[in-house]
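K.L.:
Contents are PDB, C-alpha atoms; file name upload11.pdb:
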```pdb
MODEL        1
ATOM      1  CA  MET D 154      -3.722   5.804  -1.355  1.00  0.00           C
ATOM      2  CA  ARG D 155      -3.080   4.612  -4.882  1.00  0.00           C
ATOM      3  CA  ALA D 156      -5.460   5.347  -7.724  1.00  0.00           C
ATOM      4  CA  MET D 157      -6.357   1.661  -8.122  1.00  0.00           C
ATOM      5  CA  ASP D 158      -7.184   1.343  -4.431  1.00  0.00           C
ATOM      6  CA  ARG D 159      -9.341   4.451  -4.634  1.00  0.00           C
ATOM      7  CA  ARG D 160     -11.235   3.050  -7.614  1.00  0.00           C
ATOM      8  CA  VAL D 161     -11.908  -0.202  -5.765  1.00  0.00           C
ATOM      9  CA  VAL D 162     -13.214   1.696  -2.731  1.00  0.00           C
ATOM     10  CA  VAL D 163     -15.472   3.849  -4.915  1.00  0.00           C
ATOM     11  CA  ARG D 164     -16.684   0.754  -6.762  1.00  0.00           C
ATOM     12  CA  SER D 165     -17.377  -0.981  -3.421  1.00  0.00           C
ATOM     13  CA  ILE D 166     -19.400   1.941  -2.086  1.00  0.00           C
ATOM     14  CA  ALA D 167     -21.332   2.189  -5.350  1.00  0.00           C
ATOM     15  CA  SER D 168     -22.067  -1.543  -5.305  1.00  0.00           C
ATOM     16  CA  VAL D 169     -23.402  -1.377  -1.737  1.00  0.00           C
ATOM     17  CA  GLY D 170     -25.632   1.549  -2.691  1.00  0.00           C
ATOM     18  CA  LEU D 171     -26.911  -0.272  -5.761  1.00  0.00           C
ATOM     19  CA  ALA D 172     -27.506  -3.403  -3.654  1.00  0.00           C
ATOM     20  CA  VAL D 173     -29.626  -1.463  -1.161  1.00  0.00           C
ATOM     21  CA  LEU D 174     -31.552   0.057  -4.059  1.00  0.00           C
ATOM     22  CA  SER D 175     -32.015  -3.381  -5.631  1.00  0.00           C
ATOM     23  CA  VAL D 176     -33.336  -4.911  -2.405  1.00  0.00           C
ATOM     24  CA  GLY D 177     -35.696  -1.961  -2.012  1.00  0.00           C
ATOM     25  CA  LEU D 178     -37.029  -2.464  -5.525  1.00  0.00           C
ATOM     26  CA  ILE D 179     -37.411  -6.195  -4.926  1.00  0.00           C
ATOM     27  CA  SER D 180     -39.509  -5.464  -1.851  1.00  0.00           C
ATOM     28  CA  LEU D 181     -41.726  -3.126  -3.888  1.00  0.00           C
ATOM     29  CA  ILE D 182     -42.623  -5.969  -6.247  1.00  0.00           C
ATOM     30  CA  ASP D 183     -44.919  -7.368  -3.556  1.00  0.00           C
ATOM     31  CA  ARG D 184     -47.009  -4.191  -3.692  1.00  0.00           C
ATOM     32  CA  LEU D 185     -48.027  -4.894  -7.278  1.00  0.00           C
ATOM     33  CA  PRO D 186     -51.414  -6.525  -7.898  1.00  0.00           C
ATOM     34  CA  TYR D 187     -51.354 -10.275  -7.452  1.00  0.00           C
ATOM     35  CA  SER D 188     -50.331 -12.408 -10.386  1.00  0.00           C
ATOM     36  CA  HIS D 189     -48.450 -15.646 -10.806  1.00  0.00           C
ATOM     37  CA  LEU D 190     -45.751 -13.850 -12.792  1.00  0.00           C
ATOM     38  CA  ARG D 191     -45.241 -11.354  -9.949  1.00  0.00           C
ATOM     39  CA  ASP D 192     -44.647 -14.213  -7.509  1.00  0.00           C
ATOM     40  CA  VAL D 193     -42.260 -15.977  -9.890  1.00  0.00           C
ATOM     41  CA  VAL D 194     -40.194 -12.819 -10.419  1.00  0.00           C
ATOM     42  CA  SER D 195     -40.145 -12.009  -6.704  1.00  0.00           C
ATOM     43  CA  ASP D 196     -39.113 -15.519  -5.717  1.00  0.00           C
ATOM     44  CA  SER D 197     -36.461 -15.650  -8.434  1.00  0.00           C
ATOM     45  CA  LEU D 198     -34.872 -12.411  -7.278  1.00  0.00           C
ATOM     46  CA  ARG D 199     -34.822 -13.663  -3.667  1.00  0.00           C
ATOM     47  CA  LEU D 200     -33.425 -17.080  -4.600  1.00  0.00           C
ATOM     48  CA  PRO D 201     -29.745 -16.317  -3.764  1.00  0.00           C
ATOM     49  CA  ALA D 202     -30.691 -15.475  -0.178  1.00  0.00           C
ATOM     50  CA  ALA D 203     -32.807 -18.620   0.058  1.00  0.00           C
ATOM     51  CA  PHE D 204     -29.807 -20.715  -1.039  1.00  0.00           C
ATOM     52  CA  VAL D 205     -27.564 -19.196   1.624  1.00  0.00           C
ATOM     53  CA  ALA D 206     -30.214 -19.499   4.335  1.00  0.00           C
ATOM     54  CA  GLY D 207     -30.910 -23.074   3.263  1.00  0.00           C
ATOM     55  CA  MET D 208     -27.244 -23.990   3.601  1.00  0.00           C
ATOM     56  CA  LEU D 209     -27.038 -22.541   7.109  1.00  0.00           C
ATOM     57  CA  ALA D 210     -30.372 -23.880   8.343  1.00  0.00           C
ATOM     58  CA  PRO D 211     -31.445 -26.696   6.007  1.00  0.00           C
ATOM     59  CA  GLU D 212     -34.694 -27.356   7.854  1.00  0.00           C
ATOM     60  CA  GLY D 213     -35.921 -23.869   6.956  1.00  0.00           C
ATOM     61  CA  ILE D 214     -38.139 -21.607   8.999  1.00  0.00           C
ATOM     62  CA  HIS D 215     -39.898 -24.572  10.641  1.00  0.00           C
ATOM     63  CA  GLY D 216     -36.705 -26.308  11.783  1.00  0.00           C
ATOM     64  CA  ARG D 217     -34.687 -26.116  14.975  1.00  0.00           C
ATOM     65  CA  HIS D 218     -33.043 -22.768  14.108  1.00  0.00           C
ATOM     66  CA  PRO D 219     -35.693 -20.533  12.567  1.00  0.00           C
ATOM     67  CA  MET D 220     -33.987 -17.286  13.576  1.00  0.00           C
ATOM     68  CA  LEU D 221     -30.714 -18.382  11.969  1.00  0.00           C
ATOM     69  CA  TRP D 222     -32.598 -19.062   8.747  1.00  0.00           C
ATOM     70  CA  LEU D 223     -34.364 -15.694   8.952  1.00  0.00           C
ATOM     71  CA  TYR D 224     -31.272 -13.605   9.710  1.00  0.00           C
ATOM     72  CA  ALA D 225     -29.184 -15.459   7.130  1.00  0.00           C
ATOM     73  CA  GLY D 226     -31.750 -14.614   4.483  1.00  0.00           C
ATOM     74  CA  ILE D 227     -31.983 -10.989   5.565  1.00  0.00           C
ATOM     75  CA  ILE D 228     -28.211 -10.531   5.494  1.00  0.00           C
ATOM     76  CA  ALA D 229     -27.529 -12.663   2.414  1.00  0.00           C
ATOM     77  CA  LEU D 230     -29.801 -10.786   0.014  1.00  0.00           C
ATOM     78  CA  PRO D 231     -28.045  -7.393   0.098  1.00  0.00           C
ATOM     79  CA  LEU D 232     -24.614  -9.026   0.268  1.00  0.00           C
ATOM     80  CA  THR D 233     -25.382 -11.165  -2.768  1.00  0.00           C
ATOM     81  CA  TYR D 234     -26.522  -8.168  -4.765  1.00  0.00           C
ATOM     82  CA  ALA D 235     -23.519  -6.118  -3.583  1.00  0.00           C
ATOM     83  CA  VAL D 236     -21.171  -8.801  -4.929  1.00  0.00           C
ATOM     84  CA  LEU D 237     -23.150  -8.972  -8.167  1.00  0.00           C
ATOM     85  CA  TRP D 238     -23.068  -5.190  -8.617  1.00  0.00           C
ATOM     86  CA  PHE D 239     -19.346  -5.075  -7.794  1.00  0.00           C
ATOM     87  CA  ALA D 240     -18.703  -7.646 -10.536  1.00  0.00           C
ATOM     88  CA  VAL D 241     -20.841  -5.701 -13.025  1.00  0.00           C
ATOM     89  CA  LEU D 242     -19.127  -2.399 -12.191  1.00  0.00           C
ATOM     90  CA  SER D 243     -15.690  -4.014 -12.433  1.00  0.00           C
ATOM     91  CA  LEU D 244     -16.560  -5.486 -15.819  1.00  0.00           C
ATOM     92  CA  LEU D 245     -17.826  -2.127 -17.079  1.00  0.00           C
ATOM     93  CA  ALA D 246     -14.665  -0.405 -15.811  1.00  0.00           C
ATOM     94  CA  ARG D 247     -12.495  -2.955 -17.594  1.00  0.00           C
ATOM     95  CA  ILE D 248     -14.441  -2.528 -20.845  1.00  0.00           C
ATOM     96  CA  GLY D 249     -14.167   1.256 -20.552  1.00  0.00           C
ATOM     97  CA  ARG D 250     -10.440   1.072 -19.884  1.00  0.00           C
ATOM     98  CA  LYS D 251      -9.874  -1.159 -22.930  1.00  0.00           C
ATOM     99  CA  ALA D 252     -11.928   1.210 -25.099  1.00  0.00           C
ATOM    100  CA  ARG D 253      -9.877   4.199 -23.935  1.00  0.00           C
ATOM    101  CA  GLN D 254      -6.621   2.348 -24.599  1.00  0.00           C
ATOM    102  CA  GLY D 255      -7.836   1.407 -28.071  1.00  0.00           C
ATOM    103  CA  GLU D 256      -8.518   5.070 -28.908  1.00  0.00           C
ATOM    104  CA  ALA D 257      -5.032   6.195 -27.896  1.00  0.00           C
TER     105      ALA D 257
ENDMDL
END
```
Taking this structure as input, can you express it in the form of structure tokens?
P.N.:
Amino acid sequence: MRAMDRRVVVRSIASVGLAVLSVGLISLIDRLPYSHLRDVVSDSLRLPAAFVAGMLAPEGIHGRHPMLWLYAGIIALPLTYAVLWFAVLSLLARIGRKARQGEA
């Protein structure tokens, strides 16, 4: 296995772990005392999953396919954050590599 492939695998595993941690932290927001700001932040962080679920079942939870909407949202949230974290980790790796090359 080449070094680049190994780095991508490590980055993928790290991004999945960070995504699970992110979803866990998002779910803890609802345990805070009620405020409008809390609801806005919570809804904003769950928005990517709502977009995906809305594309698959546009009628929402009260439409013909409520379970499709529900499962799409449940699966889309961690996957969305895994992709986001993978992009962030890849960007940080690229910046670190350029900094190391600049020192040499």
K.L.:
Name all residues at most 12 Å from D:Ala210 (count all atoms listed in the file; drop same-chain ones fewer than 3 positions away) and give them as a PyMOL selection string.
P.N.:
chain D and resi 202-207+213-226
K.L.:
Go through D:Leu198, D:Met208, D:Ile166, D:Ala252 and flag the residue nearest D:Ser180, using all atoms listed in the file for the distances.
P.N.:
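With all atoms listed in the file as the atom set, the closest residue is D:Leu198.
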K.L.:
What is the atom CA of D:Asp183 to atom CA of D:Ser195 distance in Å?
P.N.:
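Going from atom CA of D:Asp183 over to atom CA of D:Ser195 covers 7.4 Å.
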K.L.:
So, counting all atoms listed in the file, which residue among D:Ser165, D:Leu209, D:Arg160, D:Leu181 is closest to D:Arg247?
P.N.:
D:Arg160
K.L.:
Calculate how many Å separate atom CA of D:Ala240 from atom CA of D:Gly255, rounding to one decimal.
P.N.:
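One can read the atom CA of D:Ala240 to atom CA of D:Gly255 distance as 22.5 Å.
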K.L.:
Can you tell me which residues surround D:Val194 at a distance of at most 10 Å, considering only C-alpha atoms, apart from same-chain residues fewer than 6 positions away, and format the answer as a ChimeraX atom specification?
P.N.:
/D:179,182-183,200
K.L.:
Just checking: using only C-alpha atoms, which residue out of D:Ile248, D:Pro231, D:His189, D:Val236 ends up closest to D:Ser175?
P.N.:
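Residue with the minimum atom-to-atom distance to D:Ser175: D:Pro231.
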K.L.:
To one decimal place in Å, what is the distance between atom CA of D:Met157 and atom CA of D:Leu245?
P.N.:
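A separation of 15.0 Å between them.
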K.L.:
Please expand the PyMOL selection byres ((chain D and resi 239) around 12) into the concrete residues it hits in this file, giving the result as a ChimeraX atom specification.
P.N.:
/D:160-172,231-238,240-246
K.L.:
Using all atoms of stretch 167-179 of chain D that appear in the file, construct an axis-aligned enclosing box with 4 Å of padding on every side and provide its centre coordinates and edge lengths in Å, rounded to one decimal, as lines of an AutoDock Vina configuration file.
P.N.:
```
center_x = -29.4
center_y = -2.0
center_z = -3.5
size_x = 24.1
size_y = 16.4
size_z = 12.6
```
